[in-house]
file protein.pdb (PDB, C-alpha atoms, pLDDT in the B column)
ATOM      1  CA  MET A   1      20.347 -98.523  59.923  1.00 57.00           C
ATOM      2  CA  THR A   2      20.672-102.254  60.449  1.00 80.00           C
ATOM      3  CA  LEU A   3      24.003-104.001  60.081  1.00 89.00           C
ATOM      4  CA  PRO A   4      24.378-106.344  57.107  1.00 92.00           C
ATOM      5  CA  GLU A   5      24.391-110.012  58.122  1.00 94.00           C
ATOM      6  CA  THR A   6      27.987-110.398  56.902  1.00 95.00           C
ATOM      7  CA  SER A   7      29.226-107.592  59.168  1.00 96.00           C
ATOM      8  CA  LEU A   8      27.324-109.060  62.105  1.00 96.00           C
ATOM      9  CA  ALA A   9      28.857-112.480  61.429  1.00 97.00           C
ATOM     10  CA  TYR A  10      32.361-110.961  61.282  1.00 98.00           C
ATOM     11  CA  LEU A  11      31.769-109.094  64.545  1.00 97.00           C
ATOM     12  CA  ARG A  12      30.543-112.179  66.352  1.00 97.00           C
ATOM     13  CA  THR A  13      33.438-114.309  65.093  1.00 98.00           C
ATOM     14  CA  ALA A  14      35.956-111.663  66.155  1.00 98.00           C
ATOM     15  CA  ALA A  15      34.258-111.210  69.530  1.00 98.00           C
ATOM     16  CA  ARG A  16      34.281-114.958  70.261  1.00 98.00           C
ATOM     17  CA  ALA A  17      37.972-115.152  69.353  1.00 98.00           C
ATOM     18  CA  ALA A  18      38.763-112.180  71.597  1.00 98.00           C
ATOM     19  CA  ASP A  19      36.723-113.672  74.425  1.00 97.00           C
ATOM     20  CA  ASP A  20      38.522-117.009  74.067  1.00 97.00           C
ATOM     21  CA  LYS A  21      41.837-115.167  74.647  1.00 97.00           C
ATOM     22  CA  GLN A  22      40.504-113.399  77.770  1.00 96.00           C
ATOM     23  CA  ALA A  23      39.963-109.991  76.179  1.00 97.00           C
ATOM     24  CA  GLU A  24      37.855-107.734  78.389  1.00 96.00           C
ATOM     25  CA  ASN A  25      35.009-105.283  77.839  1.00 95.00           C
ATOM     26  CA  ILE A  26      34.209-106.506  74.346  1.00 97.00           C
ATOM     27  CA  VAL A  27      31.812-104.044  72.729  1.00 96.00           C
ATOM     28  CA  ALA A  28      30.545-103.638  69.174  1.00 97.00           C
ATOM     29  CA  LEU A  29      29.099-100.367  67.917  1.00 96.00           C
ATOM     30  CA  ASP A  30      27.020 -99.782  64.800  1.00 96.00           C
ATOM     31  CA  VAL A  31      28.677 -96.645  63.413  1.00 95.00           C
ATOM     32  CA  SER A  32      27.147 -96.898  59.938  1.00 92.00           C
ATOM     33  CA  ASP A  33      24.884 -93.858  60.352  1.00 90.00           C
ATOM     34  CA  ALA A  34      27.658 -91.707  61.786  1.00 90.00           C
ATOM     35  CA  LEU A  35      30.411 -92.683  59.330  1.00 89.00           C
ATOM     36  CA  GLY A  36      28.840 -94.143  56.223  1.00 84.00           C
ATOM     37  CA  ILE A  37      32.082 -95.817  55.097  1.00 92.00           C
ATOM     38  CA  VAL A  38      32.254 -98.343  57.957  1.00 93.00           C
ATOM     39  CA  ASP A  39      29.448-100.484  59.366  1.00 94.00           C
ATOM     40  CA  SER A  40      30.817-101.196  62.816  1.00 97.00           C
ATOM     41  CA  PHE A  41      33.606-101.083  65.358  1.00 97.00           C
ATOM     42  CA  LEU A  42      34.559-103.907  67.665  1.00 98.00           C
ATOM     43  CA  VAL A  43      36.472-102.705  70.712  1.00 98.00           C
ATOM     44  CA  ALA A  44      38.208-105.021  73.170  1.00 98.00           C
ATOM     45  CA  SER A  45      40.929-104.578  75.743  1.00 97.00           C
ATOM     46  CA  ALA A  46      43.639-106.590  77.440  1.00 97.00           C
ATOM     47  CA  SER A  47      45.771-106.045  80.517  1.00 96.00           C
ATOM     48  CA  ASN A  48      49.214-106.183  78.867  1.00 96.00           C
ATOM     49  CA  GLU A  49      50.961-105.863  75.504  1.00 96.00           C
ATOM     50  CA  ARG A  50      51.508-109.602  75.098  1.00 96.00           C
ATOM     51  CA  LEU A  51      47.811-110.297  75.625  1.00 97.00           C
ATOM     52  CA  VAL A  52      46.833-107.522  73.186  1.00 97.00           C
ATOM     53  CA  SER A  53      48.966-109.261  70.541  1.00 96.00           C
ATOM     54  CA  ALA A  54      47.494-112.670  71.378  1.00 97.00           C
ATOM     55  CA  VAL A  55      43.944-111.320  71.065  1.00 98.00           C
ATOM     56  CA  VAL A  56      44.772-109.720  67.712  1.00 98.00           C
ATOM     57  CA  ASP A  57      46.298-112.961  66.423  1.00 97.00           C
ATOM     58  CA  ALA A  58      43.248-114.941  67.561  1.00 98.00           C
ATOM     59  CA  ILE A  59      40.854-112.517  65.841  1.00 98.00           C
ATOM     60  CA  GLU A  60      42.829-112.607  62.594  1.00 98.00           C
ATOM     61  CA  ASP A  61      43.044-116.420  62.657  1.00 98.00           C
ATOM     62  CA  ALA A  62      39.323-116.839  63.372  1.00 98.00           C
ATOM     63  CA  LEU A  63      38.214-114.467  60.610  1.00 98.00           C
ATOM     64  CA  ILE A  64      40.478-116.221  58.112  1.00 98.00           C
ATOM     65  CA  ALA A  65      39.318-119.686  59.199  1.00 98.00           C
ATOM     66  CA  GLU A  66      35.587-118.945  59.337  1.00 98.00           C
ATOM     67  CA  HIS A  67      35.129-116.300  56.634  1.00 98.00           C
ATOM     68  CA  ASP A  68      38.343-116.327  54.560  1.00 98.00           C
ATOM     69  CA  LEU A  69      38.633-112.659  55.576  1.00 98.00           C
ATOM     70  CA  ARG A  70      41.981-110.905  55.917  1.00 98.00           C
ATOM     71  CA  PRO A  71      42.535-107.352  57.110  1.00 98.00           C
ATOM     72  CA  ILE A  72      42.970-104.667  54.484  1.00 97.00           C
ATOM     73  CA  ARG A  73      45.197-102.805  56.916  1.00 96.00           C
ATOM     74  CA  ARG A  74      46.774-103.446  60.301  1.00 96.00           C
ATOM     75  CA  GLU A  75      48.135-100.659  62.487  1.00 95.00           C
ATOM     76  CA  GLY A  76      49.999-100.702  65.816  1.00 93.00           C
ATOM     77  CA  LYS A  77      50.860-104.383  66.175  1.00 85.00           C
ATOM     78  CA  GLY A  78      54.543-103.691  66.941  1.00 84.00           C
ATOM     79  CA  GLN A  79      53.748-101.672  70.063  1.00 86.00           C
ATOM     80  CA  GLY A  80      51.001-103.947  71.394  1.00 86.00           C
ATOM     81  CA  ARG A  81      49.127-101.021  72.940  1.00 95.00           C
ATOM     82  CA  TRP A  82      46.397-100.315  70.397  1.00 97.00           C
ATOM     83  CA  VAL A  83      46.043-102.499  67.347  1.00 97.00           C
ATOM     84  CA  LEU A  84      43.587-101.590  64.622  1.00 98.00           C
ATOM     85  CA  LEU A  85      42.452-104.231  62.138  1.00 98.00           C
ATOM     86  CA  ASP A  86      40.600-102.777  59.159  1.00 98.00           C
ATOM     87  CA  TYR A  87      38.343-105.254  57.379  1.00 98.00           C
ATOM     88  CA  GLY A  88      36.545-102.628  55.298  1.00 96.00           C
ATOM     89  CA  ASP A  89      33.039-102.678  56.737  1.00 95.00           C
ATOM     90  CA  VAL A  90      34.250-103.804  60.165  1.00 98.00           C
ATOM     91  CA  VAL A  91      37.100-102.203  62.110  1.00 98.00           C
ATOM     92  CA  VAL A  92      38.521-103.975  65.157  1.00 98.00           C
ATOM     93  CA  HIS A  93      40.302-102.070  67.934  1.00 98.00           C
ATOM     94  CA  VAL A  94      42.214-104.089  70.526  1.00 98.00           C
ATOM     95  CA  GLN A  95      43.623-101.813  73.190  1.00 98.00           C
ATOM     96  CA  HIS A  96      45.699-102.053  76.325  1.00 97.00           C
ATOM     97  CA  ASP A  97      43.453-101.312  79.324  1.00 96.00           C
ATOM     98  CA  GLU A  98      45.172 -97.973  79.960  1.00 96.00           C
ATOM     99  CA  ASP A  99      44.775 -96.819  76.359  1.00 96.00           C
ATOM    100  CA  ARG A 100      41.166 -97.983  76.325  1.00 96.00           C
ATOM    101  CA  ALA A 101      40.390 -95.879  79.384  1.00 95.00           C
ATOM    102  CA  PHE A 102      42.285 -92.856  78.053  1.00 96.00           C
ATOM    103  CA  TYR A 103      40.838 -92.780  74.518  1.00 94.00           C
ATOM    104  CA  ALA A 104      37.341 -94.004  75.503  1.00 93.00           C
ATOM    105  CA  LEU A 105      36.114 -94.852  72.006  1.00 91.00           C
ATOM    106  CA  GLU A 106      32.702 -95.795  73.386  1.00 89.00           C
ATOM    107  CA  ARG A 107      32.273 -92.239  74.637  1.00 91.00           C
ATOM    108  CA  LEU A 108      33.366 -90.799  71.307  1.00 91.00           C
ATOM    109  CA  TRP A 109      30.748 -92.916  69.533  1.00 92.00           C
ATOM    110  CA  ASN A 110      28.197 -92.898  72.381  1.00 90.00           C
ATOM    111  CA  GLU A 111      25.267 -92.162  70.066  1.00 92.00           C
ATOM    112  CA  SER A 112      25.951 -95.294  68.027  1.00 93.00           C
ATOM    113  CA  PRO A 113      23.842 -98.342  68.832  1.00 94.00           C
ATOM    114  CA  VAL A 114      25.527-101.205  70.681  1.00 95.00           C
ATOM    115  CA  VAL A 115      25.450-104.487  68.758  1.00 95.00           C
ATOM    116  CA  ASP A 116      24.425-107.705  70.519  1.00 93.00           C
ATOM    117  CA  LEU A 117      27.387-110.047  70.145  1.00 94.00           C
ATOM    118  CA  GLY A 118      25.719-113.063  71.700  1.00 88.00           C
ATOM    119  CA  LEU A 119      28.479-113.492  74.301  1.00 86.00           C
ATOM    120  CA  THR A 120      27.937-114.291  77.944  1.00 71.00           C
ATOM    121  CA  PRO A 121      27.111-111.183  80.010  1.00 62.00           C
ATOM    122  CA  ALA A 122      30.465-111.272  81.818  1.00 53.00           C
ATOM    123  CA  ALA A 123      32.339-111.125  78.502  1.00 48.00           C
ATOM    124  CA  ASP A 124      29.954-108.899  76.572  1.00 48.00           C
ATOM    125  CA  ALA A 125      29.960-105.393  78.042  1.00 49.00           C
ATOM    126  CA  SER A 126      27.037-104.494  75.769  1.00 44.00           C
ATOM    127  CA  THR A 127      24.375-106.385  77.702  1.00 39.00           C
ATOM    128  CA  GLY A 128      22.782-106.156  81.118  1.00 39.00           C
ATOM    129  CA  ASP A 129      24.729-105.385  84.253  1.00 40.00           C
ATOM    130  CA  ALA A 130      28.067-105.826  82.497  1.00 38.00           C
ATOM    131  CA  ALA A 131      27.343-102.738  80.393  1.00 40.00           C
ATOM    132  CA  GLU A 132      26.519-100.693  83.459  1.00 40.00           C
ATOM    133  CA  GLY A 133      29.691-101.865  85.178  1.00 40.00           C
ATOM    134  CA  ALA A 134      31.871-101.084  82.171  1.00 41.00           C
ATOM    135  CA  GLY A 135      30.374 -97.617  81.857  1.00 43.00           C
ATOM    136  CA  SER A 136      30.838 -96.795  85.515  1.00 38.00           C
ATOM    137  CA  GLU A 137      34.444 -98.062  85.447  1.00 39.00           C
ATOM    138  CA  LEU A 138      35.197 -95.713  82.547  1.00 38.00           C
ATOM    139  CA  ASP A 139      33.455 -92.876  84.390  1.00 42.00           C
ATOM    140  CA  ASP A 140      35.576 -93.565  87.476  1.00 40.00           C
ATOM    141  CA  LEU A 141      38.756 -93.502  85.392  1.00 34.00           C
ATOM    142  CA  HIS A 142      37.825 -90.168  83.855  1.00 37.00           C
ATOM    143  CA  GLY A 143      36.409 -88.635  87.008  1.00 42.00           C
ATOM    144  CA  ALA A 144      32.957 -88.225  85.448  1.00 41.00           C
ATOM    145  CA  ALA A 145      29.733 -88.764  87.293  1.00 36.00           C
TER     146      ALA A 145
END
call {"tool": "encode", "arguments": {"input": "protein.pdb", "output": "structure tokens"}}
result
Amino acid sequence: MTLPETSLAYLRTAARAADDKQAENIVALDVSDALGIVDSFLVASASNERLVSAVVDAIEDALIAEHDLRPIRREGKGQGRWVLLDYGDVVVHVQHDEDRAFYALERLWNESPVVDLGLTPAADASTGDAAEGAGSELDDLHGAA
């Protein structure tokens, strides 16, 4: 299934905002075939709780400014470890690096297609060598080969 243009636009806006705040390993997954109620996940990580909160704020601000889109639900902002922003068709996960490695959402949804976010390869873990590096880093963290 192909993502609707609106979902793709939301993903790209959120990804640019996350990238502007130095989020790492920004990946979007098309989970529409697997879930049916959600089109896609955007997953990004940050090295500390303060940066997780800053990334979340930047994503929310950008989606409001560019698309007049506000989250239906927000979970986890108080802890700054894993914040979920539910926009209906798009769900954004911003995680602390440690939580990202532990929960490994990309592995859970590994059969879902990766969405091209149009970011530079260093920021977009879904393209080229950056994707290989991100995958091997997660494998190293989990002891997988």
call {"tool": "resolve_selection", "arguments": {"input": "protein.pdb", "expression": "the PyMOL selection byres ((chain A and resi 79) around 10)", "output": "PDB file with C-alpha atoms, in the frame of the given file"}}
result
ATOM      1  CA  GLU A  49      50.961-105.863  75.504  1.00 96.00           C
ATOM      2  CA  ARG A  50      51.508-109.602  75.098  1.00 96.00           C
ATOM      3  CA  VAL A  52      46.833-107.522  73.186  1.00 97.00           C
ATOM      4  CA  SER A  53      48.966-109.261  70.541  1.00 96.00           C
ATOM      5  CA  GLU A  75      48.135-100.659  62.487  1.00 95.00           C
ATOM      6  CA  GLY A  76      49.999-100.702  65.816  1.00 93.00           C
ATOM      7  CA  LYS A  77      50.860-104.383  66.175  1.00 85.00           C
ATOM      8  CA  GLY A  78      54.543-103.691  66.941  1.00 84.00           C
ATOM      9  CA  GLY A  80      51.001-103.947  71.394  1.00 86.00           C
ATOM     10  CA  ARG A  81      49.127-101.021  72.940  1.00 95.00           C
ATOM     11  CA  TRP A  82      46.397-100.315  70.397  1.00 97.00           C
ATOM     12  CA  VAL A  83      46.043-102.499  67.347  1.00 97.00           C
TER      13      VAL A  83
END
call {"tool": "atom_distance", "arguments": {"input": "protein.pdb", "atom1": "atom CA of A:Arg74", "atom2": "atom CA of A:Ala58"}}
result
14.0 Å
call {"tool": "resolve_selection", "arguments": {"input": "protein.pdb", "expression": "the PyMOL selection byres ((chain A and resi 71) around 8)", "output": "list in words"}}
result
Glu60, Leu69, Arg70, Ile72, Arg73, Arg74, Leu85, Asp86, Tyr87 and Gly88 of chain A
call {"tool": "write_last_selection", "arguments": {"input": "protein.pdb", "atoms": "C-alpha atoms", "output": "PDB file, in the frame of the given file"}}
result
ATOM      1  CA  GLU A  60      42.829-112.607  62.594  1.00 98.00           C
ATOM      2  CA  LEU A  69      38.633-112.659  55.576  1.00 98.00           C
ATOM      3  CA  ARG A  70      41.981-110.905  55.917  1.00 98.00           C
ATOM      4  CA  ILE A  72      42.970-104.667  54.484  1.00 97.00           C
ATOM      5  CA  ARG A  73      45.197-102.805  56.916  1.00 96.00           C
ATOM      6  CA  ARG A  74      46.774-103.446  60.301  1.00 96.00           C
ATOM      7  CA  LEU A  85      42.452-104.231  62.138  1.00 98.00           C
ATOM      8  CA  ASP A  86      40.600-102.777  59.159  1.00 98.00           C
ATOM      9  CA  TYR A  87      38.343-105.254  57.379  1.00 98.00           C
ATOM     10  CA  GLY A  88      36.545-102.628  55.298  1.00 96.00           C
TER      11      GLY A  88
END
call {"tool": "closest_residue", "arguments": {"input": "protein.pdb", "among": "A:Val94, A:Leu42, A:Ala17, A:Leu119", "to": "A:Ile64", "atoms": "only C-alpha atoms"}}
result
A:Ala17
call {"tool": "closest_residue", "arguments": {"input": "protein.pdb", "among": "A:Leu117, A:Leu3, A:Ala18, A:Val92", "to": "A:Leu105", "atoms": "all atoms listed in the file"}}
result
A:Val92
call {"tool": "atom_distance", "arguments": {"input": "protein.pdb", "atom1": "atom CA of A:Ala101", "atom2": "atom CA of A:Val56"}}
result
18.6 Å
call {"tool": "atom_distance", "arguments": {"input": "protein.pdb", "atom1": "atom CA of A:Ala9", "atom2": "atom CA of A:Phe102"}}
result
29.0 Å
call {"tool": "resolve_selection", "arguments": {"input": "protein.pdb", "expression": "the PyMOL selection byres ((chain A and resi 14) around 8)", "output": "PDB file with C-alpha atoms, keeping the file's coordinate frame"}}
result
ATOM      1  CA  TYR A  10      32.361-110.961  61.282  1.00 98.00           C
ATOM      2  CA  LEU A  11      31.769-109.094  64.545  1.00 97.00           C
ATOM      3  CA  ARG A  12      30.543-112.179  66.352  1.00 97.00           C
ATOM      4  CA  THR A  13      33.438-114.309  65.093  1.00 98.00           C
ATOM      5  CA  ALA A  15      34.258-111.210  69.530  1.00 98.00           C
ATOM      6  CA  ARG A  16      34.281-114.958  70.261  1.00 98.00           C
ATOM      7  CA  ALA A  17      37.972-115.152  69.353  1.00 98.00           C
ATOM      8  CA  ALA A  18      38.763-112.180  71.597  1.00 98.00           C
ATOM      9  CA  ILE A  59      40.854-112.517  65.841  1.00 98.00           C
ATOM     10  CA  GLU A  60      42.829-112.607  62.594  1.00 98.00           C
ATOM     11  CA  ALA A  62      39.323-116.839  63.372  1.00 98.00           C
ATOM     12  CA  LEU A  63      38.214-114.467  60.610  1.00 98.00           C
TER      13      LEU A  63
END
call {"tool": "residues_around", "arguments": {"input": "protein.pdb", "residues": "A:Asp89", "least_positions_apart": "2", "cutoff": "8 Å", "atoms": "all atoms listed in the file", "output": "ChimeraX atom specification"}}
result
/A:7,37-40,86-87,91
call {"tool": "closest_residue", "arguments": {"input": "protein.pdb", "among": "A:Val31, A:Asp97, A:Val90, A:Ser112", "to": "A:Glu5", "atoms": "only C-alpha atoms"}}
result
A:Val90
call {"tool": "axis_aligned_box", "arguments": {"input": "protein.pdb", "around": "stretch 79-94 of chain A", "padding_each_side": "6 Å", "output": "AutoDock Vina command-line options"}}
result
--center_x 43.4 --center_y -102.8 --center_z 64.1 --size_x 32.7 --size_y 16.9 --size_z 29.6
call {"tool": "closest_residue", "arguments": {"input": "protein.pdb", "among": "A:Asp57, A:Asp99, A:Glu111, A:Asp116", "to": "A:Ser45", "atoms": "only C-alpha atoms"}}
result
A:Asp99
call {"tool": "closest_residue", "arguments": {"input": "protein.pdb", "among": "A:Asp19, A:Asn110, A:Ser32, A:Asp61", "to": "A:Thr2", "atoms": "all atoms listed in the file"}}
result
A:Ser32
